[in-house]
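Written out below as structure tokens is the structure these notes cover.
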Amino acid sequence: MGLDVAWAERWVRRTAERIAEAKGELTELDRQIGDGDHGENLHRGFQAVVAKLDESGGAERTEVGDVLMVVATTLMSKVGGASGPLYGTAFLRAAKRSARREVDGSGVVVLLEAALEGVTSRGKAEVGEKTMVDALAPAVEAATAASDAGQDPAGVLRAAAEAAEAGAEATVPLVATKGRASYLGERSAGHMDPGSRSSAIILRAAADTAQDVTGTTAP
Amino acid sequence: MGLDVAWAERWVRRTAERIAEAKGELTELDRQIGDGDHGENLHRGFQAVVAKLDESGGAERTEVGDVLMVVATTLMSKVGGASGPLYGTAFLRAAKRSARREVDGSGVVVLLEAALEGVTSRGKAEVGEKTMVDALAPAVEAATAASDAGQDPAGVLRAAAEAAEAGAEATVPLVATKGRASYLGERSAGHMDPGSRSSAIILRAAADTAQDVTGTTAP
Amino acid sequence: MKKLLDDPAEAVVDSLGGFGLAHADLVTVHLDPVHVTRASGPVPGKVGVVSGGGAGHEPLHAGFVGDGMLDAAVPGAVFTSPTPDQILPAIQASDSGAGVLTIVKNYTGDVLNFETAVELAQAEGLQVASVLVNDDVAVEDSLYTAGRRGVAGTVAVEKIAGAAAARGDSLDDVAAVAERVVRGVRSMGVALTACTVPHVGRPSFDLGEDEIEIGIGIHGEPGRHRIPMGPASDITRRLVDPVADDLALEPGERVLLLVNGMGGTPLSELYVVYGRARELLEERAVTVSRSLVGNYVTSLEMQGASVTVLRLDDELETLWDAPVHTAALHW
Amino acid sequence: MKKLLDDPAEAVVDSLGGFGLAHADLVTVHLDPVHVTRASGPVPGKVGVVSGGGAGHEPLHAGFVGDGMLDAAVPGAVFTSPTPDQILPAIQASDSGAGVLTIVKNYTGDVLNFETAVELAQAEGLQVASVLVNDDVAVEDSLYTAGRRGVAGTVAVEKIAGAAAARGDSLDDVAAVAERVVRGVRSMGVALTACTVPHVGRPSFDLGEDEIEIGIGIHGEPGRHRIPMGPASDITRRLVDPVADDLALEPGERVLLLVNGMGGTPLSELYVVYGRARELLEERAVTVSRSLVGNYVTSLEMQGASVTVLRLDDELETLWDAPVHTAALHW
Ligand SMILES: Nc1ncnc2c1ncn2[C@@H]1O[C@H](COP(=O)(O)OP(=O)(O)O)[C@@H](O)[C@H]1O
Ligand SMILES: Nc1ncnc2c1ncn2[C@@H]1O[C@H](COP(=O)(O)OP(=O)(O)O)[C@@H](O)[C@H]1O
Ligand SMILES: [Mg+2]
Ligand SMILES: [Mg+2]
Ligand SMILES: [Mg+2]
Ligand SMILES: [Mg+2]
């Protein structure tokens with residue numbers, strides 16, 4: 001069973017809730033090696049996304065990409081900072097690659113690949129530079145493997161979320177060479193990158209809502 | 001036995017030492033109900049007095065008033081704040097009334113009266129307004145009584161010092177109506193006035209040096 | 001205590017040294033005794049305007065030496081009024097024959113030391129007048145205090161007296177307009193944190209994490225009362241109301257509104273207070289026709305602000321608008 | 001956390017509201033989306049100059065909007081770069097047909113958001129050039145960082161680019177002189193205390209009572225290393241030496257020396273640092289021919305300072321001296 005526009009909207013609303021819960025955690029991570037605004041930035045952005053979804057009603061949105069486009073433009077205009085344009089571009093590219101009514105397992109992979117490509121094309125970060133790329137790149141890899149193994153969309157997203165969470169954890173020992181944390185040099189080691197953590201949260205919300213929607217039980 | 005210029009110089013040097021020791025205490029008192037500079041102000045002033053005495057040598061000073069005049073002009077030009085002109089005028093008036101080689105018991109009273117009159121003529125404070133007047137006025141009274149009772153200069157000064165110390169203690173419950181502490185209104189009660197405390201220190205130094213010089217033993 | 005200083009005992013002189021180098025076109029810094037004069041010397045025929053007081057309130061007063069404001073400033077030790085031997089040469093250097101006005105904040109120490117200096121200058125044959133600034137409504141002007149203190153309203157007195165002198169007014173006229181400013185200006189301040197005098201090394205008072213002091217002066221002395229921290233709107237009301245009430249502002253009047261930082265509060269917060277204060281004045285149908293927002297009369301690194309209101313009329317507006325060219329005020 | 005604010009989430013807007021009222025003669029504050037333009041609109045034939053970045057650095061950037069400096073400023077949330085939908089109208093409002101220069105501090109967020117806005121403006125047919133300020137020598141400009149940060153040197157870039165635009169230079173020429181300032185300006189900062197972002201409510205880093213951070217940025221981020229507190233002379237040397245070395249200053253050169261406060265340090269201390277910095281430059285036989293001392297590029301209420309040195313020549317001196325008429329810089 002594929003993922004449709006209803007899933008996309010539930011995903012985004014769930015993300016807004018999860019970011020609201022994690023606001024303090026993200027802020028604290030960013031306080032350690034950045035400027036302490038990542039939680040507030042994303043919270044402001046996703047609250048605005050929810051408001052936009054509420055006010056426009058769902059009638060005119062029929063494709064998964066329609067929802068992701070609202071996310072893209074709203075994050076772009078409400079978040080600011082580094083994460084605003086990066087997530088904005090990620091959702092923009094993902095929206096363009098999901099202009100369809102249903103997304104299956106390999107469609108999820110295409111969507112995630114587009115998102116990752118959006119982030120790297122704007123931010124020029126590679127794996128290992130202690131950024132959200134360190135969550136998103138392994139997520140794409142794991143999603144590809146899960147899809148190749150014939151998993152359904154919920155399974156593919158679960159694999160992606162797990163890999164993103166592991167990827168975020170794995171940023172702890174890294175020395176940042178992109179973004180604000182790079183200013184700290186060696187002192188950036190020993191802390192998790194806030195953007196990799198928020199990426200994992202977003203993907204976990206995607207997996208959880210996919211499971212709710214498709215009724216698949218965890219393996 | 002009367003008090004001469006040597007006593008005056010020892011008194012002033014002893015005062016400088018005592019003020020140096022009490023600097024922190026005076027500063028703390030002034031921090032409570034003023035602006036926290038009284039210790040530093042007087043320390044700066046009396047260090048300058050000692051420097052002035054050192055540099056000019058004692059040869060040209062023959063009368064008690066000569067030493068007190070050095071104190072007056074130096075305090076006036078080095079202390080600033082409220083206490084600079086007040087103590088400056090006190091020593092100036094005292095200097096003028098002690099233009100002699102020896103000061104006996106009643107001469108001490110004259111000297112102290114002149115000092116008090118200097119303070120009140122400049123500062124317009126009366127007893128009970130929580131200022132140095134609350135130390136100096138009882139000191140003059142006690143000195144007068146001791147002199148009338150036939151005490152020697154050291155005895156007269158000891159009476160003055162004791163009364164000044166008691167007077168300083170007695171400022172604790174008062175509500176200030178002159179000087180910076182008056183800005184606090186009722187909140188000035190419960191703290192000793194720093195100027196009354198420094199007055200007591202100066203008079204105690206006078207009594208102690210008088211005793212050293214005249215060899216009188218405490219009663 | 002962490003301060004960008006070398007020897008705390010030399011803080012005032014070290015700071016003045018840097019100030020003199022940075023503004024050599026405007027001022028000359030003299031170190032023995034300490035005072036600051038205009039680099040260009042007294043202006044022939046112009047009344048001299050001199051002020052001074054304890055250091056720690058920078059840019060007051062040295063930052064206001066220059067065309068259209070002060071001819072000389074006399075800084076004492078931190079929070080300690082200067083001595084007559086400093087004030088006298090400042091008066092002398094500012095006299096071009098037309099006389100000198102001294103502007104003194106109403107503190108016992110400043111009053112006594114300036115009084116002595118003025119007497120000495122007069123004894124030399126100089127014409128000297130004095131005006132006492134006492135704008136702080138936190139202190140009642142009664143028999144039971146040393147009188148209201150001089151705080152941020154001093155900037156208005158110095159600016160306007162300086163402008164009157166610059167346009168060629170006589171000593172009597174400069175003194176009269178300065179008196180008029182004093183009668184029309186009131187201030188009230190709040191502290192969020194205490195400040196630390198360098199040679200003391202500890203905060204001037206102890207304030208809880210959720211407390212503020214209302215009615216503070218500019219010497220780190222505690223205020224009139226302590227209240228729990230609240231939103232800027234509430235705090236601003238506690239500053240504006242007593243000021244406006246004391247001035248008995250009537251609907252239709254116009255005023256200068258000065259929101260002054262105590263030294264450690266960011267400019268962004270001062271503008272929040274300014275916006276609130278302006279609303280409150282407008283609720284009284286009072287027009288804010290002139291404004292100044294910034295750190296002008298500070299208390300070292302204290303966090304907090306004060307609100308100053310000056311009743312304006314055409315003449316005072318003209319004098320306020322007149323050109324001024326100093327380190328801290330410039331238009 | 002004690003701040004003179006109402007709702008922390010509205011801090012930027014509340015502060016801009018007050019700012020707009022206090023300086024209505026100079027600026028117009030727009031709230032949807034947030035940006036600040038010159039009250040008088042674009043000057044016909046003049047290149048527009050626009051800058052922006054996170055709030056919390058006041059008076060940067062809005063305090064520099066006015067004759068001879070910026071045509072518009074775009075403040076983001078505190079320490080967060082503004083978004084393209086804010087930047088675009090600021091660019092549009094500054095264009096009189098002669099094109100617009102955007103001055104961007106080198107942070108990933110600012111770069112990405114300005115890039116997008118500039119693309120959008122160019123798509124509308126506007127001529128837009130950009131210059132990236134990266135004066136902070138605390139950060140190495142290498143493959144292993146996001147490049148040097150833009151800090152207090154931004155004031156010099158904005159002043160001089162604004163002056164070049166005001167004298168009628170073409171967009172290419174304004175961009176070229178701005179680039180020349182960027183190449184010749186370097187800064188280094190120190191924090192004595194952290195700052196507290198309003199919506200965070202806790203200090204941005206934890207610093208012991210006897211420790212300071214050397215090589216801080218202007219966003220409350222920790223510095224390059226932590227050292228014990230010391231006298232101003234030692235601290236100043238740690239700021240001046242890397243700046244002068246990085247610029248490879250030669251004996252006989254002349255420079256602008258800017259000592260910038262981080263927001264919570266009293267002016268008196270900044271002048272102490274200025275005096276020491278000047279001595280150190282003079283030891284290198286470098287002449288300080290222009291100076292600026294004050295709080296210009298701040299980090300909320302942080303205590304600390306930065307030293308900025310700009311290599312000068314006749315043209316840059318002339319442009320620096322050119323009249324400027326803004327809320328925060330005025331001559
Ligand atoms: N060049 C980059 N490429 C990818 N991600 C980046 C890059 N720069 C920063 N990031 C991500 O952005 C996060 C910080 O976002 P945020 O705090 O919202 O913005 P800012 O750094 O402007 O304050 C970092 O944790 C990191 O994951
Ligand atoms: N009008 C006055 N008459 C007598 N003594 C006064 C008067 N005003 C202040 N004092 C004394 O001066 C003391 C404060 O001196 P000091 O701290 O050196 O000066 P300042 O108050 O200017 O900081 C007070 O404790 C008080 O005893
Ligand atoms: Mg951040
Ligand atoms: Mg005192
Ligand atoms: Mg004092
Ligand atoms: Mg940020």
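Chain labels run A, B, ... following the order of the structure tokens; each chain numbers its residues from 1, and ligands are numbered from 1 in the order shown.
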Which residues form the shell of 7 Å around ligand 3 when you count only C-alpha atoms and all ligand atoms, given as a PyMOL selection string? chain A and resi 30+34-38+81
Give as a VMD selection string the residues surrounding ligand 4 up to a distance of 12 Å, considering only C-alpha atoms and all ligand atoms. (chain B and resid 26 to 42 79 to 84 131 179 to 181 193 to 195 198) or (chain C and resid 54 77 to 81 107 to 110 197 200 204 219 to 221)
When you look at Val240 (chain D) with a cut-off of 12 Å (counting only C-alpha atoms), what residues show up, excluding the ones that are within fewer than 6 positions of it in the same chain? I need them as a ChimeraX atom specification. /D:136-138,186-190,214-215,232-234,246-249,257-259,273-284,305-310
Given the selection you just returned, output its residues as a file containing C-alpha atoms, formatted as a PDB file, in the first residue's frame.
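Result written to result.pdb:
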```pdb
ATOM      1  CA  ASP D 136      37.334  37.476  11.992  1.00  0.00           C
ATOM      2  CA  VAL D 137      40.847  36.101  12.248  1.00  0.00           C
ATOM      3  CA  ALA D 138      39.808  33.815  15.110  1.00  0.00           C
ATOM      4  CA  ARG D 186      40.538  42.034  10.215  1.00  0.00           C
ATOM      5  CA  SER D 187      39.060  41.591  13.688  1.00  0.00           C
ATOM      6  CA  MET D 188      39.452  39.527  16.845  1.00  0.00           C
ATOM      7  CA  GLY D 189      37.217  39.452  19.906  1.00  0.00           C
ATOM      8  CA  VAL D 190      37.139  38.438  23.553  1.00  0.00           C
ATOM      9  CA  ILE D 214      39.401  34.467  23.217  1.00  0.00           C
ATOM     10  CA  GLY D 215      38.339  34.433  19.586  1.00  0.00           C
ATOM     11  CA  ALA D 232      43.622  44.619  29.739  1.00  0.00           C
ATOM     12  CA  SER D 233      47.120  45.017  28.292  1.00  0.00           C
ATOM     13  CA  ASP D 234      47.599  41.276  27.935  1.00  0.00           C
ATOM     14  CA  ASP D 246      47.166  38.489   9.453  1.00  0.00           C
ATOM     15  CA  LEU D 247      47.088  41.864   7.705  1.00  0.00           C
ATOM     16  CA  ALA D 248      50.889  41.765   7.480  1.00  0.00           C
ATOM     17  CA  LEU D 249      51.007  45.429   8.475  1.00  0.00           C
ATOM     18  CA  LEU D 257      41.367  51.280  14.625  1.00  0.00           C
ATOM     19  CA  LEU D 258      37.905  50.247  15.790  1.00  0.00           C
ATOM     20  CA  VAL D 259      37.458  49.051  19.356  1.00  0.00           C
ATOM     21  CA  VAL D 273      41.558  48.746  25.284  1.00  0.00           C
ATOM     22  CA  TYR D 274      41.763  51.417  22.594  1.00  0.00           C
ATOM     23  CA  GLY D 275      44.727  53.048  24.332  1.00  0.00           C
ATOM     24  CA  ARG D 276      46.565  49.733  24.628  1.00  0.00           C
ATOM     25  CA  ALA D 277      45.766  48.681  21.069  1.00  0.00           C
ATOM     26  CA  ARG D 278      47.062  51.957  19.784  1.00  0.00           C
ATOM     27  CA  GLU D 279      50.320  51.542  21.691  1.00  0.00           C
ATOM     28  CA  LEU D 280      50.768  48.077  20.214  1.00  0.00           C
ATOM     29  CA  LEU D 281      50.182  49.330  16.686  1.00  0.00           C
ATOM     30  CA  GLU D 282      52.543  52.221  17.234  1.00  0.00           C
ATOM     31  CA  GLU D 283      55.193  49.768  18.418  1.00  0.00           C
ATOM     32  CA  ARG D 284      54.907  48.335  14.909  1.00  0.00           C
ATOM     33  CA  ALA D 305      35.278  43.689  23.090  1.00  0.00           C
ATOM     34  CA  SER D 306      36.791  43.234  19.692  1.00  0.00           C
ATOM     35  CA  VAL D 307      39.610  44.997  17.923  1.00  0.00           C
ATOM     36  CA  THR D 308      39.250  45.735  14.217  1.00  0.00           C
ATOM     37  CA  VAL D 309      41.990  47.157  12.021  1.00  0.00           C
ATOM     38  CA  LEU D 310      41.433  48.409   8.479  1.00  0.00           C
TER      39      LEU D 310
END
```
Point out the residue among A:Lys78, A:Lys178, A:Arg14, A:Arg61 with the least atom-to-atom distance to ligand 1, counting only C-alpha atoms and all ligand atoms.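 Result for the nearest residue to ligand 1: A:Lys178.
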Correct to one decimal, the distance CA of Gly125 (chain C)-CA of Ile91 (chain C) is 12.0 Å
For the structure I just gave you, how does DSSP split region 40-198 of chain B - specifically, which residues are alpha helix (DSSP H)? Reply as JSON, numbers by chain. {"B": [40, 41, 42, 43, 44, 45, 46, 47, 48, 49, 50, 51, 52, 53, 54, 55, 56, 64, 65, 66, 67, 68, 69, 70, 71, 72, 73, 74, 75, 76, 77, 78, 83, 84, 85, 86, 87, 88, 89, 90, 91, 92, 93, 94, 95, 96, 105, 106, 107, 108, 109, 110, 111, 112, 113, 114, 115, 116, 117, 118, 119, 120, 121, 122, 123, 133, 134, 135, 136, 137, 138, 139, 140, 141, 142, 143, 144, 145, 146, 147, 148, 153, 154, 155, 156, 157, 158, 159, 160, 161, 162, 163, 164, 165, 166, 167, 168, 169, 194, 195, 196, 197, 198]}
With DSSP run on the backbone, what are the strand (DSSP E or B) residues within region 123-205 of chain C? I'd like them as a PyMOL selection string. chain C and resi 128-133+136+185-191+196+203
Export of the given selection (N, CA and C atoms) as a compact mmCIF listing (two decimals), in the first residue's frame:
```txt
# COMPACT_ATOMS: atom_id res chain seq x y z
N VAL C 128 31.56 83.43 37.69
CA VAL C 128 31.12 82.03 37.61
C VAL C 128 29.72 81.89 38.18
N ALA C 129 28.85 81.25 37.42
CA ALA C 129 27.51 80.91 37.91
C ALA C 129 27.40 79.39 37.97
N SER C 130 26.44 78.89 38.75
CA SER C 130 26.29 77.45 38.89
C SER C 130 24.83 77.07 38.77
N VAL C 131 24.61 75.88 38.23
CA VAL C 131 23.26 75.34 38.21
C VAL C 131 23.34 73.91 38.73
N LEU C 132 22.34 73.55 39.52
CA LEU C 132 22.31 72.25 40.18
C LEU C 132 21.25 71.39 39.50
N VAL C 133 21.65 70.21 39.01
CA VAL C 133 20.70 69.31 38.34
C VAL C 133 20.15 68.32 39.36
N ASP C 136 16.03 63.44 39.52
CA ASP C 136 15.63 62.07 39.86
C ASP C 136 14.43 62.05 40.80
N VAL C 185 12.80 69.05 33.80
CA VAL C 185 13.29 67.70 33.48
C VAL C 185 13.20 66.79 34.70
N ARG C 186 12.72 65.57 34.47
CA ARG C 186 12.61 64.57 35.55
C ARG C 186 12.99 63.20 35.02
N SER C 187 13.51 62.36 35.91
CA SER C 187 13.97 61.03 35.51
C SER C 187 13.64 60.00 36.58
N MET C 188 13.64 58.74 36.15
CA MET C 188 13.46 57.62 37.08
C MET C 188 14.13 56.40 36.46
N GLY C 189 14.83 55.63 37.30
CA GLY C 189 15.63 54.52 36.77
C GLY C 189 15.34 53.19 37.42
N VAL C 190 15.74 52.13 36.73
CA VAL C 190 15.59 50.76 37.22
C VAL C 190 16.90 50.00 36.99
N ALA C 191 17.25 49.16 37.95
CA ALA C 191 18.43 48.30 37.79
C ALA C 191 18.00 46.85 37.74
N THR C 196 29.86 46.84 39.60
CA THR C 196 31.00 46.57 40.46
C THR C 196 32.03 47.68 40.28
N PRO C 203 29.91 43.34 43.63
CA PRO C 203 28.74 44.13 43.20
C PRO C 203 28.29 45.10 44.29
```
Please find the residues of chain C near chain D - the criterion being any atom within 6 Å, counting only C-alpha atoms - and write them as a ChimeraX atom specification. /C:4-6,14-15,18-19,22,231-232,263-266,268-269,271-272,274-275,291,300-301
If we count only C-alpha atoms, what is near Gly128 (chain B) at a cut-off of 9 Å, once residues fewer than 2 positions away on the same chain are taken out, given as a ChimeraX atom specification? /B:125-126,130-131,133-134,171,174-177
What separation in Å, quoted to one decimal, exists between CA of Met69 (chain B) and CA of Arg100 (chain B)?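 Going from CA of Met69 (chain B) over to CA of Arg100 (chain B), I get 12.5 Å.
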Could you give me, as a ChimeraX atom specification, the residues within 12 Å of Ser40 (chain D), counting only C-alpha atoms and dropping anything in the same chain fewer than 4 positions from it? /D:24-28,36,44,65-67,71-72,93-94
Selection to disk with all heavy atoms, as an mmCIF file, in the first residue's frame:
```
data_model
loop_
_atom_site.group_PDB
_atom_site.id
_atom_site.type_symbol
_atom_site.label_atom_id
_atom_site.label_comp_id
_atom_site.auth_asym_id
_atom_site.auth_seq_id
_atom_site.Cartn_x
_atom_site.Cartn_y
_atom_site.Cartn_z
ATOM 1 N N ALA D 24 12.055 58.318 13.198
ATOM 2 C CA ALA D 24 11.116 58.395 12.074
ATOM 3 C C ALA D 24 11.641 59.313 10.971
ATOM 4 O O ALA D 24 11.262 59.176 9.807
ATOM 5 C CB ALA D 24 9.756 58.876 12.556
ATOM 6 N N ASP D 25 12.516 60.244 11.315
ATOM 7 C CA ASP D 25 13.090 61.127 10.295
ATOM 8 C C ASP D 25 14.069 60.376 9.390
ATOM 9 O O ASP D 25 14.309 60.776 8.265
ATOM 10 C CB ASP D 25 13.794 62.314 10.957
ATOM 11 C CG ASP D 25 14.783 61.866 12.035
ATOM 12 O OD1 ASP D 25 14.541 60.821 12.702
ATOM 13 O OD2 ASP D 25 15.809 62.546 12.217
ATOM 14 N N LEU D 26 14.622 59.271 9.903
ATOM 15 C CA LEU D 26 15.662 58.552 9.165
ATOM 16 C C LEU D 26 15.159 57.280 8.496
ATOM 17 O O LEU D 26 15.591 56.950 7.390
ATOM 18 C CB LEU D 26 16.796 58.147 10.121
ATOM 19 C CG LEU D 26 17.673 59.235 10.718
ATOM 20 C CD1 LEU D 26 18.593 58.640 11.770
ATOM 21 C CD2 LEU D 26 18.492 59.908 9.615
ATOM 22 N N VAL D 27 14.305 56.546 9.174
ATOM 23 C CA VAL D 27 13.968 55.191 8.709
ATOM 24 C C VAL D 27 12.469 54.942 8.721
ATOM 25 O O VAL D 27 11.714 55.611 9.426
ATOM 26 C CB VAL D 27 14.627 54.120 9.617
ATOM 27 C CG1 VAL D 27 16.133 54.253 9.623
ATOM 28 C CG2 VAL D 27 14.062 54.177 11.028
ATOM 29 N N THR D 28 12.083 53.946 7.913
ATOM 30 C CA THR D 28 10.728 53.403 7.993
ATOM 31 C C THR D 28 10.866 51.923 8.325
ATOM 32 O O THR D 28 11.612 51.201 7.651
ATOM 33 C CB THR D 28 9.991 53.565 6.647
ATOM 34 O OG1 THR D 28 9.995 54.950 6.300
ATOM 35 C CG2 THR D 28 8.558 53.073 6.757
ATOM 36 N N VAL D 36 13.845 47.261 7.177
ATOM 37 C CA VAL D 36 13.940 48.687 7.507
ATOM 38 C C VAL D 36 14.485 49.413 6.290
ATOM 39 O O VAL D 36 15.517 49.012 5.747
ATOM 40 C CB VAL D 36 14.880 48.907 8.715
ATOM 41 C CG1 VAL D 36 15.038 50.381 9.024
ATOM 42 C CG2 VAL D 36 14.378 48.138 9.932
ATOM 43 N N PRO D 44 17.525 58.842 -6.385
ATOM 44 C CA PRO D 44 17.609 58.640 -7.837
ATOM 45 C C PRO D 44 19.058 58.589 -8.321
ATOM 46 O O PRO D 44 19.867 59.455 -7.969
ATOM 47 C CB PRO D 44 16.869 59.858 -8.405
ATOM 48 C CG PRO D 44 15.944 60.294 -7.312
ATOM 49 C CD PRO D 44 16.626 59.957 -6.032
ATOM 50 N N VAL D 65 21.189 52.672 8.757
ATOM 51 C CA VAL D 65 20.370 53.075 7.611
ATOM 52 C C VAL D 65 20.232 54.595 7.623
ATOM 53 O O VAL D 65 19.871 55.180 8.644
ATOM 54 C CB VAL D 65 18.974 52.406 7.670
ATOM 55 C CG1 VAL D 65 18.055 52.969 6.582
ATOM 56 C CG2 VAL D 65 19.104 50.888 7.517
ATOM 57 N N GLY D 66 20.546 55.207 6.501
ATOM 58 C CA GLY D 66 20.439 56.663 6.406
ATOM 59 C C GLY D 66 21.417 57.200 5.383
ATOM 60 O O GLY D 66 22.133 56.426 4.727
ATOM 61 N N ASP D 67 21.456 58.519 5.249
ATOM 62 C CA ASP D 67 22.345 59.153 4.271
ATOM 63 C C ASP D 67 23.785 58.706 4.455
ATOM 64 O O ASP D 67 24.327 58.762 5.563
ATOM 65 C CB ASP D 67 22.320 60.679 4.450
ATOM 66 C CG ASP D 67 21.073 61.281 3.831
ATOM 67 O OD1 ASP D 67 20.359 60.559 3.104
ATOM 68 O OD2 ASP D 67 20.817 62.467 4.091
ATOM 69 N N ASP D 71 20.814 51.797 2.562
ATOM 70 C CA ASP D 71 19.461 52.146 2.122
ATOM 71 C C ASP D 71 18.423 51.261 2.789
ATOM 72 O O ASP D 71 17.263 51.651 2.908
ATOM 73 C CB ASP D 71 19.366 52.017 0.600
ATOM 74 C CG ASP D 71 20.239 53.053 -0.074
ATOM 75 O OD1 ASP D 71 19.766 54.177 -0.294
ATOM 76 O OD2 ASP D 71 21.430 52.758 -0.330
ATOM 77 N N ALA D 72 18.835 50.074 3.184
ATOM 78 C CA ALA D 72 17.900 49.182 3.869
ATOM 79 C C ALA D 72 18.676 48.183 4.708
ATOM 80 O O ALA D 72 19.841 47.883 4.429
ATOM 81 C CB ALA D 72 17.018 48.437 2.868
ATOM 82 N N ALA D 93 13.220 47.894 -2.590
ATOM 83 C CA ALA D 93 12.985 49.256 -2.116
ATOM 84 C C ALA D 93 14.230 50.124 -2.227
ATOM 85 O O ALA D 93 14.150 51.350 -2.146
ATOM 86 C CB ALA D 93 12.508 49.229 -0.658
ATOM 87 N N SER D 94 15.388 49.513 -2.391
ATOM 88 C CA SER D 94 16.639 50.280 -2.435
ATOM 89 C C SER D 94 17.098 50.552 -3.855
ATOM 90 O O SER D 94 18.105 51.226 -4.064
ATOM 91 C CB SER D 94 17.735 49.511 -1.694
ATOM 92 O OG SER D 94 17.339 49.264 -0.367
#
```
Excluding region 45-53 of chain B and any residue of its chain fewer than 6 positions from it, enumerate the residues within 7 Å of it, using only C-alpha atoms, and give them as a ChimeraX atom specification. /B:13,16,70-71,74-75,78-79
If I take CA of Arg167 (chain C) and CA of Ser51 (chain C), how far is one from the other in Å, to one decimal? 18.9 Å
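For the residues A:Thr120, A:Ser56, A:Ser147, A:Thr73, ranking by smallest atom-to-atom distance to ligand 1 using only C-alpha atoms and all ligand atoms places A:Thr120 first.
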List the neighbours of Ala72 (chain A) out to 8 Å using only C-alpha atoms; skip same-chain residues closer than 6 positions along the sequence, and give me the result as a PDB file with C-alpha atoms, in the first residue's frame.
```
ATOM      1  CA  TYR A  87      15.440  22.090   4.742  1.00  0.00           C
ATOM      2  CA  GLY A  88      13.524  24.389   2.428  1.00  0.00           C
ATOM      3  CA  THR A  89      15.497  23.152  -0.557  1.00  0.00           C
ATOM      4  CA  ALA A  90      15.284  19.561   0.655  1.00  0.00           C
ATOM      5  CA  PHE A  91      11.477  19.693   0.766  1.00  0.00           C
ATOM      6  CA  LEU A  92      11.368  21.606  -2.509  1.00  0.00           C
TER       7      LEU A  92
END
```
Distance criterion (only C-alpha atoms and all ligand atoms): nearest to ligand 1 out of D:Ala9, D:Ile218, D:Ala73, D:Leu256: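 Nearest candidate to ligand 1 out of D:Ala9, D:Ile218, D:Ala73, D:Leu256: D:Ile218.
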From the options D:Val286, D:Gln122, D:Asn113, D:Glu253, which residue's atoms come nearest to ligand 6, counting only C-alpha atoms and all ligand atoms? D:Asn113
Between D:His61, D:Glu10, D:Val139, D:Gly76, which is the closest to ligand 6 once you count only C-alpha atoms and all ligand atoms?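 Ranked by minimum distance to ligand 6, first place goes to D:Gly76.
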